[in-house]
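Worksheet: the structure to be examined is printed underneath.
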Amino acid sequence: MARVNFAPKLAVNPAVTEEGIAVSHAQWRRIMTRLEECESETRTSENIAWTSLGVAGSALISAIVYPTSVQFSTPTPAGTEANVWAIVIQIALVALATTGFIVAWSCRSHVQRERQHRATLRRWMREDMESHAEKYPAIAPATLLDAQDA
């Protein structure tokens, strides 16, 4: 297409044509759904895991050190009297440490499953795009993805 001149200083360049690959509506919806599922990774579970690990570690250290600073029982003329608050606090520290480690482990497991899921979605997207590139080799040879992009 030729350049169109309207005046000595006014000209309109022809529109640039772009080659494309035909995609069915069903294929387009599937690709768009997969793209939406591949949205940026949230770090919430990982942050909860590290926070829980920190709380659990602190509670464990406190549970180990706490008995050295308190008496769990006191001798009295009538026998021994238990320091109920000290026992309750010790049990709470052990429970907090145990719960923190369990939460941290489950959050880390969730993060690993989520990363595997995202890797699967990326692999599916790659397969879809390569299948289209194979259907239209004259148009799309430069769009084939390299193996290093996986």
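Labeling convention for the structure tokens: chains A, B, ... as they appear, residues from 1 per chain, ligands from 1 in order of appearance.
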(request) For Trp50 in chain A, please output as a PyMOL selection string all residues within 12 Å (counting only C-alpha atoms; exclusion window: fewer than 6 positions along the same chain). (result) chain A and resi 43-44+56-57+100-108+111
Would you mind exporting the chosen residues as a compact mmCIF listing (two decimals), in the first residue's frame, restricted to N, CA, C and O atoms?
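As written to disk, part06.txt reads:
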# COMPACT_ATOMS: atom_id res chain seq x y z
N ARG A 43 2.44 -14.89 48.78
CA ARG A 43 3.43 -15.43 49.72
C ARG A 43 2.82 -15.57 51.11
O ARG A 43 3.54 -15.72 52.09
N THR A 44 1.49 -15.55 51.20
CA THR A 44 0.83 -15.60 52.50
C THR A 44 1.15 -16.89 53.24
O THR A 44 1.52 -16.86 54.41
N ALA A 56 6.96 -21.00 67.28
CA ALA A 56 7.20 -22.33 67.84
C ALA A 56 8.60 -22.44 68.44
O ALA A 56 8.78 -23.00 69.53
N GLY A 57 9.58 -21.89 67.76
CA GLY A 57 10.94 -21.92 68.29
C GLY A 57 11.06 -21.14 69.58
O GLY A 57 11.69 -21.60 70.55
N GLY A 100 2.72 -24.64 66.71
CA GLY A 100 3.48 -23.82 65.77
C GLY A 100 4.25 -24.65 64.76
O GLY A 100 4.27 -24.33 63.57
N PHE A 101 4.87 -25.73 65.23
CA PHE A 101 5.61 -26.59 64.29
C PHE A 101 4.65 -27.28 63.31
O PHE A 101 4.96 -27.42 62.13
N ILE A 102 3.49 -27.70 63.80
CA ILE A 102 2.51 -28.35 62.91
C ILE A 102 1.99 -27.37 61.86
O ILE A 102 1.90 -27.70 60.67
N VAL A 103 1.67 -26.15 62.27
CA VAL A 103 1.18 -25.14 61.32
C VAL A 103 2.26 -24.80 60.30
O VAL A 103 1.99 -24.69 59.09
N ALA A 104 3.50 -24.64 60.76
CA ALA A 104 4.59 -24.32 59.84
C ALA A 104 4.78 -25.44 58.82
O ALA A 104 4.94 -25.19 57.62
N TRP A 105 4.74 -26.68 59.28
CA TRP A 105 4.91 -27.82 58.36
C TRP A 105 3.77 -27.88 57.34
O TRP A 105 4.00 -28.07 56.14
N SER A 106 2.51 -27.67 57.80
CA SER A 106 1.38 -27.75 56.86
C SER A 106 1.41 -26.59 55.86
O SER A 106 1.08 -26.78 54.68
N CYS A 107 1.82 -25.40 56.29
CA CYS A 107 1.90 -24.27 55.36
C CYS A 107 3.00 -24.50 54.33
O CYS A 107 2.83 -24.18 53.15
N ARG A 108 4.13 -25.03 54.74
CA ARG A 108 5.20 -25.33 53.79
C ARG A 108 4.74 -26.39 52.78
O ARG A 108 5.04 -26.30 51.60
N VAL A 111 2.59 -24.62 50.26
CA VAL A 111 3.40 -23.83 49.33
C VAL A 111 3.99 -24.73 48.25
O VAL A 111 3.97 -24.40 47.05
(request) Report the distance between CA of Trp124 in chain A and CA of Arg34 in chain A in Å, rounded to one decimal place. (result)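 A separation of 8.2 Å between them.
Between CA of Arg118 in chain A and CA of Ser131 in chain A the separation is 19.9 Å.
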(request) Could you find all residues in chain A that DSSP calls strand (DSSP E or B) from the backbone, and write them as a VMD selection string? (result) chain A and resid 4 to 7 10 to 12 73 to 76 79 to 82
(request) Report as a count of residues only: the residues of chain A with a DSSP assignment of helix (DSSP H, G or I), based on the backbone of this structure. (result) 97
(message) Quick check, in Å to one decimal: how far apart do CA of Phe72 in chain A and CA of Trp85 in chain A lie?
(response)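 Distance between the two atoms: 8.6 Å.
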(request) Write out as a PyMOL selection string the residues lying within 12 Å of Thr120 in chain A, counting only C-alpha atoms and excluding same-chain residues fewer than 4 positions away. (result) chain A and resi 34-35+37-38+113-116+124-127+150
Given the selection you just returned, output its residues as a file containing N, CA and C atoms, formatted as a short mmCIF file (atom, residue, chain, number, x, y, z; two decimals), in the first residue's frame.
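What follows is the written file selection.cif:
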data_model
loop_
_atom_site.label_atom_id
_atom_site.label_comp_id
_atom_site.auth_asym_id
_atom_site.auth_seq_id
_atom_site.Cartn_x
_atom_site.Cartn_y
_atom_site.Cartn_z
N ARG A 34 -6.61 -20.60 32.01
CA ARG A 34 -5.32 -21.03 32.56
C ARG A 34 -4.44 -19.83 32.90
N LEU A 35 -4.50 -18.79 32.08
CA LEU A 35 -3.72 -17.59 32.40
C LEU A 35 -4.20 -16.96 33.70
N GLU A 37 -5.51 -18.50 36.19
CA GLU A 37 -5.09 -19.35 37.30
C GLU A 37 -3.60 -19.22 37.57
N CYS A 38 -2.86 -18.69 36.63
CA CYS A 38 -1.40 -18.52 36.80
C CYS A 38 -1.05 -17.15 37.35
N ARG A 113 2.80 -27.65 47.17
CA ARG A 113 1.72 -28.10 46.27
C ARG A 113 1.31 -26.97 45.32
N GLU A 114 1.25 -25.75 45.83
CA GLU A 114 0.87 -24.61 44.98
C GLU A 114 1.91 -24.38 43.89
N ARG A 115 3.18 -24.50 44.21
CA ARG A 115 4.23 -24.33 43.20
C ARG A 115 4.15 -25.42 42.14
N GLN A 116 3.86 -26.66 42.56
CA GLN A 116 3.70 -27.74 41.58
C GLN A 116 2.50 -27.47 40.67
N TRP A 124 1.03 -26.74 30.71
CA TRP A 124 -0.15 -26.83 29.84
C TRP A 124 -0.21 -25.67 28.87
N MET A 125 0.06 -24.47 29.36
CA MET A 125 0.05 -23.29 28.49
C MET A 125 1.09 -23.44 27.38
N ARG A 126 2.24 -23.92 27.74
CA ARG A 126 3.31 -24.13 26.75
C ARG A 126 2.86 -25.13 25.69
N GLU A 127 2.24 -26.24 26.12
CA GLU A 127 1.76 -27.25 25.18
C GLU A 127 0.70 -26.67 24.25
N ALA A 150 10.71 -23.22 30.14
CA ALA A 150 9.78 -24.04 30.89
C ALA A 150 9.89 -23.83 32.37
#
